[in-house]
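Student: Before we start, here is the structure in question, set down as structure tokens.
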Amino acid sequence: MQGEAMQENNQPQTNVSSKAGAYVFKNERVSIMNKVMPVLLFLCASISVLTTIGIVVTLISETFAFFQKVPVFDFLFGTKWSPLITPKSFGVLPLLNGTLMITLIACLVAIPFGLASAIYLSEYAPKIVRKIVKPILEVLAGVPTIVYGYFALSLITPLIRDIFPNAGVFNALSAGIVVGIMIIPMVCSLSEDAMSAVPRSLRDGAYALGATRFEVALKIVVPAAFSGIVASAVLAFSRAIGETMIVTVAAGATPSLTANPLDSIQTMTAYIVQVSLGDTPHGSLEYGSIFAVGMTLFVITFLLNILAQYIARRFREEY
Amino acid sequence: MSIFQDANRKQIANRRRVDWLLHILFVIATSVGVLALCALIIDVLVDGVARLQPQLFTEFPSRKADGSGMKSALVGTVYMLLIMLPLSFVLGVGAAIYLEEYAGKNRLTRLIQLNISTLAGVPSIVYGILGLTIFVRLMSLDRSLIAGAFTMTLLVLPIIIVSAQEAIRAVPKSRRDASFALGATKWQTVSRSVIPSSLAGILTGVILAMSRAIGETAPLVMIGALTYVAFLPNSLMDSFTVMPIQIYNWISKPQLEFKELAASGILVLLALLLIMNFSAIMLRNKYQKNV
């Protein structure tokens, strides 16, 4: 389509040569627009590439400067993160542990519920239910994360503390559950897209053999849409890793290597927020550390997003 | 023979029971999302309705919860939107027009397209780091309104580009052909036929992108939007705050009154988002009727 458009570009204009001066003038203006606009529009499109270059260059240069002062090995494999108290220590593992804990809890919530909702909406639900539920899920996806943070702190945390009295005011479980609720709509809509792309005839074939709706869903639709479902799960994982405000508000600010979800923890994103809230001077070690942590975050989410795209494309079943 | 029939009947009954059970399970799972939204709204309403008074809009934040409002945050959010809107509209729609109407099918185009979809998945806090380095430090815009607006523009661009591309793609080829047949040039066709007929779709995407920007907190915390602002920004270079940051500030205070204040701030934020989303849906409906 785009190729055809390019060809059409050359056809009109210019042939009609001068009849009246004004006409020529207008014709010239038109042809100038035809020359200038593609360039301007291309510049608009290149902003996105520049953004990526900006992100990569910024992160790499500042991270490099940080690694001049703190050895890479200490950063990647150190088990103690205490950037503000001397002796300063920059081992990223406690932050990574916090992030992974939140992400795992979030996925345990989001993937089963999101997938089940997707199966329900695509295989079971009558039209009217879909018409009501889908917009509600859209609203859920559009709620600002700071609002989810409030929700975690004021409703979920007290609930958890009722059940587990030894849970802290800030704990990983509450934040993780709420991050999970936040990404349910994403898992649901992506998986449902994949399932509704499965052709009707496959389902009809199974029904004709006497399969129940559940059997059709489990043995026909889910396998056929599997690449899309896995891709949605990977994207959910990446989204949970990058989530910032919920964990900043509800998960605490205690970087630790704990495996107990009732403890207060700190994620990579929450650490970045914590440092930038304080007045950290440019060039200090803490200032550099947010770039190193940001780089870690960027690399992980970037790889996951690429993986999701790869899975969705490579393992897609074509019908 | 009858033994087999019995076994068969039993098996069918079993399978039906499993189907029925899972049906119920799926309904329950689906309602979790719906119930979560209800719980969230009720929670915020119960906490925040008492402090939802005029002073929330007319007063600056203060040390005491009773006299506190979010005037500076509200104005900051509106100013930021006013700067972002034209900027992100021109850049986003421009990029979409280029990709859909002008770009050849080559490596560069694929790269740009891949790049946009990758950017959409970058955590928002990373945009904050970018804004901090490029706008706040390198261009020495400091912790200003304009630095915040630039950062948020970069953040929402992928959303606007993708939705504008979809809207432009939905314009039937016959419209373009008709325009060319009348002797219009490429740019005349794009500017007078393609853009007008996809405008509703484009605007829908822009509104949704703006509502994303209203709720974003992390990148603005990064570039240093202040948490305590008792004045209104007068110029692009003034420091500022926005609603989510004011709410975050109130949430992180230990006193109960500030929690209530945060809840009423959230109510204002959600109301604003609801209005924007509603207008986006109205636009989308109009747009679907037209094409």
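Labeling convention for the structure tokens: chains A, B, ... as they appear, residues from 1 per chain, ligands from 1 in order of appearance.
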Among segment 126-275 of chain A, which residues carry a DSSP assignment of alpha helix (DSSP H), reported as a short mmCIF file (atom, residue, chain, number, x, y, z; two decimals) with N, CA and C atoms, in the first residue's frame?

Tutor:
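Result file follows (states_25.cif):
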```cif
data_model
loop_
_atom_site.label_atom_id
_atom_site.label_comp_id
_atom_site.auth_asym_id
_atom_site.auth_seq_id
_atom_site.Cartn_x
_atom_site.Cartn_y
_atom_site.Cartn_z
N LYS A 127 -23.04 -12.09 24.58
CA LYS A 127 -22.62 -10.79 24.04
C LYS A 127 -22.80 -9.66 25.04
N ILE A 128 -23.93 -9.70 25.74
CA ILE A 128 -24.24 -8.57 26.63
C ILE A 128 -23.24 -8.48 27.78
N VAL A 129 -22.81 -9.66 28.29
CA VAL A 129 -21.81 -9.65 29.37
C VAL A 129 -20.50 -9.08 28.88
N ARG A 130 -20.09 -9.49 27.67
CA ARG A 130 -18.86 -8.93 27.10
C ARG A 130 -18.94 -7.42 27.00
N LYS A 131 -20.12 -6.96 26.57
CA LYS A 131 -20.29 -5.51 26.38
C LYS A 131 -20.16 -4.75 27.69
N ILE A 132 -20.49 -5.40 28.79
CA ILE A 132 -20.38 -4.72 30.09
C ILE A 132 -18.98 -4.89 30.68
N VAL A 133 -18.46 -6.13 30.60
CA VAL A 133 -17.21 -6.42 31.31
C VAL A 133 -16.00 -5.77 30.63
N LYS A 134 -15.98 -5.77 29.31
CA LYS A 134 -14.78 -5.25 28.63
C LYS A 134 -14.50 -3.77 28.95
N PRO A 135 -15.51 -2.90 28.90
CA PRO A 135 -15.23 -1.50 29.29
C PRO A 135 -14.77 -1.39 30.74
N ILE A 136 -15.32 -2.23 31.63
CA ILE A 136 -14.91 -2.17 33.03
C ILE A 136 -13.42 -2.50 33.14
N LEU A 137 -13.00 -3.53 32.41
CA LEU A 137 -11.58 -3.88 32.44
C LEU A 137 -10.74 -2.76 31.85
N GLU A 138 -11.28 -2.08 30.81
CA GLU A 138 -10.55 -0.95 30.24
C GLU A 138 -10.36 0.15 31.27
N VAL A 139 -11.42 0.42 32.05
CA VAL A 139 -11.31 1.43 33.10
C VAL A 139 -10.25 1.02 34.12
N LEU A 140 -10.28 -0.28 34.48
CA LEU A 140 -9.31 -0.80 35.44
C LEU A 140 -7.88 -0.57 34.93
N ALA A 141 -7.70 -0.71 33.62
CA ALA A 141 -6.37 -0.52 33.05
C ALA A 141 -5.97 0.94 33.03
N GLY A 142 -6.97 1.84 33.07
CA GLY A 142 -6.65 3.26 32.96
C GLY A 142 -6.50 3.97 34.29
N THR A 145 -1.46 4.64 38.57
CA THR A 145 -0.81 3.71 39.50
C THR A 145 -0.77 4.26 40.91
N ILE A 146 -0.73 5.58 41.05
CA ILE A 146 -0.69 6.15 42.40
C ILE A 146 -1.99 5.81 43.14
N VAL A 147 -3.10 5.72 42.38
CA VAL A 147 -4.38 5.36 42.99
C VAL A 147 -4.33 3.91 43.47
N TYR A 148 -3.71 3.04 42.66
CA TYR A 148 -3.53 1.66 43.11
C TYR A 148 -2.67 1.61 44.36
N GLY A 149 -1.69 2.50 44.43
CA GLY A 149 -0.84 2.55 45.62
C GLY A 149 -1.67 2.85 46.86
N TYR A 150 -2.55 3.82 46.73
CA TYR A 150 -3.43 4.17 47.84
C TYR A 150 -4.31 2.98 48.22
N PHE A 151 -4.84 2.32 47.20
CA PHE A 151 -5.70 1.16 47.38
C PHE A 151 -4.96 0.06 48.16
N THR A 157 -3.46 -3.86 52.53
CA THR A 157 -2.53 -4.07 53.64
C THR A 157 -3.25 -4.37 54.96
N PRO A 158 -4.25 -3.57 55.36
CA PRO A 158 -4.98 -3.91 56.60
C PRO A 158 -5.58 -5.32 56.56
N LEU A 159 -6.11 -5.70 55.39
CA LEU A 159 -6.68 -7.05 55.23
C LEU A 159 -5.62 -8.11 55.49
N ILE A 160 -4.43 -7.91 54.90
CA ILE A 160 -3.34 -8.88 55.06
C ILE A 160 -2.90 -8.93 56.51
N ARG A 161 -2.87 -7.73 57.14
CA ARG A 161 -2.43 -7.71 58.54
C ARG A 161 -3.46 -8.34 59.47
N ASP A 162 -4.72 -8.38 59.05
CA ASP A 162 -5.73 -9.10 59.83
C ASP A 162 -5.48 -10.60 59.77
N ILE A 163 -5.09 -11.07 58.58
CA ILE A 163 -4.88 -12.51 58.41
C ILE A 163 -3.52 -12.93 58.97
N ALA A 172 5.66 -6.79 50.84
CA ALA A 172 5.72 -7.13 49.42
C ALA A 172 4.41 -7.75 48.93
N LEU A 173 3.73 -8.48 49.82
CA LEU A 173 2.53 -9.20 49.41
C LEU A 173 1.46 -8.24 48.92
N SER A 174 1.18 -7.21 49.73
CA SER A 174 0.13 -6.26 49.40
C SER A 174 0.43 -5.57 48.06
N ALA A 175 1.65 -5.06 47.94
CA ALA A 175 2.02 -4.37 46.70
C ALA A 175 1.95 -5.33 45.51
N GLY A 176 2.44 -6.58 45.72
CA GLY A 176 2.43 -7.55 44.63
C GLY A 176 1.02 -7.87 44.16
N ILE A 177 0.11 -8.08 45.12
CA ILE A 177 -1.28 -8.39 44.76
C ILE A 177 -1.88 -7.25 43.94
N VAL A 178 -1.63 -6.02 44.38
CA VAL A 178 -2.24 -4.89 43.68
C VAL A 178 -1.61 -4.68 42.30
N VAL A 179 -0.29 -4.88 42.20
CA VAL A 179 0.32 -4.82 40.87
C VAL A 179 -0.34 -5.88 39.97
N GLY A 180 -0.61 -7.06 40.55
CA GLY A 180 -1.28 -8.11 39.80
C GLY A 180 -2.65 -7.67 39.32
N ILE A 181 -3.43 -7.06 40.22
CA ILE A 181 -4.76 -6.58 39.82
C ILE A 181 -4.63 -5.57 38.68
N MET A 182 -3.60 -4.72 38.77
CA MET A 182 -3.41 -3.70 37.75
C MET A 182 -3.17 -4.31 36.37
N ILE A 183 -2.44 -5.46 36.33
CA ILE A 183 -2.12 -6.00 35.00
C ILE A 183 -3.09 -7.07 34.53
N ILE A 184 -4.11 -7.41 35.34
CA ILE A 184 -5.13 -8.36 34.87
C ILE A 184 -5.70 -7.93 33.51
N PRO A 185 -6.12 -6.66 33.36
CA PRO A 185 -6.74 -6.27 32.08
C PRO A 185 -5.80 -6.49 30.89
N MET A 186 -4.50 -6.26 31.10
CA MET A 186 -3.56 -6.42 30.01
C MET A 186 -3.48 -7.89 29.58
N VAL A 187 -3.30 -8.78 30.58
CA VAL A 187 -3.24 -10.21 30.26
C VAL A 187 -4.53 -10.63 29.57
N CYS A 188 -5.66 -10.17 30.14
CA CYS A 188 -6.96 -10.58 29.61
C CYS A 188 -7.13 -10.12 28.17
N SER A 189 -6.87 -8.85 27.89
CA SER A 189 -7.20 -8.38 26.54
C SER A 189 -6.24 -8.96 25.50
N LEU A 190 -4.94 -9.11 25.87
CA LEU A 190 -4.00 -9.69 24.90
C LEU A 190 -4.33 -11.16 24.63
N SER A 191 -4.63 -11.92 25.71
CA SER A 191 -4.95 -13.33 25.50
C SER A 191 -6.25 -13.47 24.73
N GLU A 192 -7.20 -12.59 25.03
CA GLU A 192 -8.48 -12.70 24.34
C GLU A 192 -8.33 -12.40 22.86
N ASP A 193 -7.48 -11.41 22.54
CA ASP A 193 -7.20 -11.14 21.13
C ASP A 193 -6.67 -12.39 20.44
N ALA A 194 -5.73 -13.07 21.12
CA ALA A 194 -5.15 -14.27 20.53
C ALA A 194 -6.21 -15.35 20.35
N MET A 195 -7.12 -15.48 21.36
CA MET A 195 -8.13 -16.54 21.26
C MET A 195 -9.17 -16.24 20.21
N SER A 196 -9.55 -14.96 20.08
CA SER A 196 -10.60 -14.69 19.08
C SER A 196 -10.04 -14.75 17.66
N ARG A 200 -13.32 -19.96 13.72
CA ARG A 200 -14.59 -20.54 14.16
C ARG A 200 -14.65 -22.03 13.79
N SER A 201 -14.14 -22.38 12.61
CA SER A 201 -14.30 -23.74 12.10
C SER A 201 -13.64 -24.77 13.02
N LEU A 202 -12.52 -24.39 13.64
CA LEU A 202 -11.85 -25.32 14.55
C LEU A 202 -12.76 -25.66 15.73
N ARG A 203 -13.40 -24.61 16.27
CA ARG A 203 -14.30 -24.84 17.40
C ARG A 203 -15.47 -25.70 16.95
N ASP A 204 -16.04 -25.36 15.79
CA ASP A 204 -17.21 -26.09 15.29
C ASP A 204 -16.88 -27.56 15.12
N GLY A 205 -15.67 -27.84 14.62
CA GLY A 205 -15.25 -29.23 14.43
C GLY A 205 -15.29 -29.98 15.75
N ALA A 206 -14.75 -29.36 16.80
CA ALA A 206 -14.70 -30.01 18.10
C ALA A 206 -16.11 -30.20 18.67
N TYR A 207 -16.95 -29.16 18.50
CA TYR A 207 -18.33 -29.28 19.00
C TYR A 207 -19.05 -30.41 18.28
N ALA A 208 -18.79 -30.53 16.98
CA ALA A 208 -19.46 -31.57 16.20
C ALA A 208 -19.07 -32.96 16.69
N ARG A 213 -17.95 -27.18 26.13
CA ARG A 213 -17.31 -25.89 25.93
C ARG A 213 -15.93 -25.84 26.58
N PHE A 214 -15.83 -26.46 27.78
CA PHE A 214 -14.55 -26.46 28.46
C PHE A 214 -13.50 -27.22 27.67
N GLU A 215 -13.93 -28.36 27.10
CA GLU A 215 -12.98 -29.15 26.30
C GLU A 215 -12.53 -28.39 25.07
N VAL A 216 -13.47 -27.66 24.45
CA VAL A 216 -13.10 -26.84 23.29
C VAL A 216 -12.09 -25.79 23.71
N VAL A 222 -7.09 -22.84 23.52
CA VAL A 222 -5.86 -22.46 24.22
C VAL A 222 -4.61 -22.95 23.48
N PRO A 223 -4.55 -24.20 23.04
CA PRO A 223 -3.36 -24.60 22.28
C PRO A 223 -3.16 -23.79 21.01
N ALA A 224 -4.26 -23.47 20.33
CA ALA A 224 -4.13 -22.74 19.07
C ALA A 224 -3.65 -21.31 19.32
N PHE A 226 -1.78 -20.41 21.86
CA PHE A 226 -0.79 -20.50 22.95
C PHE A 226 0.31 -19.45 22.85
N SER A 227 0.79 -19.19 21.62
CA SER A 227 1.89 -18.22 21.51
C SER A 227 1.44 -16.85 21.99
N GLY A 228 0.22 -16.46 21.64
CA GLY A 228 -0.29 -15.17 22.08
C GLY A 228 -0.44 -15.11 23.58
N ILE A 229 -0.88 -16.23 24.17
CA ILE A 229 -1.08 -16.28 25.62
C ILE A 229 0.26 -16.15 26.34
N VAL A 230 1.26 -16.90 25.86
CA VAL A 230 2.58 -16.83 26.49
C VAL A 230 3.15 -15.42 26.34
N ALA A 231 2.98 -14.85 25.15
CA ALA A 231 3.49 -13.48 24.92
C ALA A 231 2.84 -12.52 25.91
N SER A 232 1.54 -12.68 26.15
CA SER A 232 0.86 -11.77 27.08
C SER A 232 1.40 -11.95 28.50
N ALA A 233 1.74 -13.20 28.85
CA ALA A 233 2.30 -13.44 30.18
C ALA A 233 3.67 -12.79 30.32
N VAL A 234 4.48 -12.89 29.27
CA VAL A 234 5.82 -12.28 29.32
C VAL A 234 5.71 -10.76 29.43
N LEU A 235 4.76 -10.19 28.67
CA LEU A 235 4.57 -8.74 28.74
C LEU A 235 4.11 -8.32 30.14
N ALA A 236 3.23 -9.15 30.75
CA ALA A 236 2.76 -8.86 32.09
C ALA A 236 3.93 -8.84 33.06
N PHE A 237 4.82 -9.81 32.91
CA PHE A 237 6.01 -9.91 33.74
C PHE A 237 6.84 -8.63 33.61
N SER A 238 7.05 -8.21 32.36
CA SER A 238 7.86 -7.02 32.12
C SER A 238 7.20 -5.77 32.69
N ARG A 239 5.89 -5.70 32.55
CA ARG A 239 5.14 -4.57 33.08
C ARG A 239 5.25 -4.49 34.60
N ALA A 240 5.18 -5.65 35.26
CA ALA A 240 5.27 -5.69 36.72
C ALA A 240 6.65 -5.26 37.20
N ILE A 241 7.67 -5.63 36.43
CA ILE A 241 9.04 -5.23 36.81
C ILE A 241 9.19 -3.72 36.77
N GLY A 242 8.56 -3.08 35.78
CA GLY A 242 8.73 -1.64 35.62
C GLY A 242 7.80 -0.81 36.48
N MET A 245 4.98 3.26 41.19
CA MET A 245 4.35 3.96 42.31
C MET A 245 3.72 3.03 43.34
N ILE A 246 3.12 1.94 42.89
CA ILE A 246 2.49 1.01 43.84
C ILE A 246 3.53 0.50 44.82
N VAL A 247 4.68 0.10 44.29
CA VAL A 247 5.71 -0.47 45.16
C VAL A 247 6.35 0.62 46.04
N THR A 248 6.46 1.83 45.48
CA THR A 248 7.03 2.92 46.28
C THR A 248 6.13 3.20 47.49
N VAL A 249 4.83 3.20 47.26
CA VAL A 249 3.88 3.53 48.32
C VAL A 249 3.71 2.37 49.31
N ALA A 250 3.60 1.14 48.79
CA ALA A 250 3.12 0.07 49.65
C ALA A 250 4.15 -1.00 50.02
N MET A 268 13.80 -2.06 42.47
CA MET A 268 14.70 -1.18 41.73
C MET A 268 14.03 0.16 41.46
N THR A 269 12.76 0.09 41.00
CA THR A 269 12.06 1.33 40.66
C THR A 269 11.87 2.21 41.89
N ALA A 270 11.50 1.59 43.02
CA ALA A 270 11.26 2.37 44.24
C ALA A 270 12.55 3.03 44.71
N TYR A 271 13.69 2.35 44.50
CA TYR A 271 14.96 2.96 44.89
C TYR A 271 15.23 4.22 44.06
N ILE A 272 14.97 4.13 42.75
CA ILE A 272 15.20 5.29 41.89
C ILE A 272 14.36 6.48 42.37
N VAL A 273 13.11 6.21 42.70
CA VAL A 273 12.23 7.28 43.20
C VAL A 273 12.77 7.84 44.51
N GLN A 274 13.19 6.95 45.41
CA GLN A 274 13.68 7.39 46.71
C GLN A 274 14.86 8.35 46.56
N VAL A 275 15.81 7.99 45.69
CA VAL A 275 16.98 8.85 45.50
C VAL A 275 16.59 10.18 44.88
#
```

Student: Could you make a table, as a tab-separated table, of the residues of chain B that have an atom within 6 Å of an atom of chain A, each with its nearest atom pair and distance in Å to one decimal, counting only C-alpha atoms, in chain and number order?

Tutor:
```
residue	atom	partner	partner_atom	distance
B:Asp19	CA	A:Phe214	CA	5.1
B:Phe26	CA	A:Ala116	CA	5.4
B:Ala29	CA	A:Phe113	CA	5.3
B:Thr30	CA	A:Ser117	CA	4.4
B:Leu91	CA	A:Cys44	CA	5.0
B:Gly94	CA	A:Leu41	CA	5.0
B:Ala95	CA	A:Ala45	CA	3.9
B:Tyr98	CA	A:Leu41	CA	5.3
B:Gly104	CA	A:Gly3	CA	5.8
B:Pro123	CA	A:Gly242	CA	4.8
B:Leu130	CA	A:Ile55	CA	5.6
B:Gly183	CA	A:Pro12	CA	6.0
B:Lys186	CA	A:Asn9	CA	5.5
B:Trp187	CA	A:Asn34	CA	5.6
B:Gly215	CA	A:Pro144	CA	4.7
B:Met222	CA	A:Ser276	CA	5.5
```

Student: Can those selected residues be exported to a file as a PDB file, in the first residue's frame so that it contains C-alpha atoms?

Tutor:
```
ATOM      1  CA  ASP B  19     -17.769 -28.034  32.103  1.00  0.00           C
ATOM      2  CA  PHE B  26     -14.361 -18.633  35.033  1.00  0.00           C
ATOM      3  CA  ALA B  29     -12.300 -15.219  38.027  1.00  0.00           C
ATOM      4  CA  THR B  30     -13.736 -12.621  35.689  1.00  0.00           C
ATOM      5  CA  LEU B  91       4.878  15.090  16.468  1.00  0.00           C
ATOM      6  CA  GLY B  94       3.227  13.685  11.836  1.00  0.00           C
ATOM      7  CA  ALA B  95       5.095  10.479  12.520  1.00  0.00           C
ATOM      8  CA  TYR B  98       4.890   9.594   7.509  1.00  0.00           C
ATOM      9  CA  GLY B 104       8.612   3.135   1.628  1.00  0.00           C
ATOM     10  CA  PRO B 123       8.939   1.544  31.999  1.00  0.00           C
ATOM     11  CA  LEU B 130      16.016  10.393  30.213  1.00  0.00           C
ATOM     12  CA  GLY B 183      -5.829  16.078  -9.702  1.00  0.00           C
ATOM     13  CA  LYS B 186       0.012  13.786  -2.495  1.00  0.00           C
ATOM     14  CA  TRP B 187       0.077  16.412   0.250  1.00  0.00           C
ATOM     15  CA  GLY B 215      -1.993   9.893  35.933  1.00  0.00           C
ATOM     16  CA  MET B 222      12.399  11.830  38.635  1.00  0.00           C
TER      17      MET B 222
END
```

Student: So how far away is atom CA of Phe77 of chain A from atom CA of Ser124 of chain B, in Å?

Tutor: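 Atom-to-atom, atom CA of Ser124 of chain B and atom CA of Phe77 of chain A are spaced 26.2 Å apart.
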
Student: Please indicate the distance in Å from atom CA of Val92 of chain A to atom CA of Leu307 of chain A, rounded to one decimal place.

Tutor: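 Separation of atom CA of Val92 of chain A and atom CA of Leu307 of chain A: 23.5 Å.
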
Student: Report the distance between atom CA of Trp81 of chain A and atom CA of Gln266 of chain A in Å, rounded to one decimal place.

Tutor: 10.0 Å
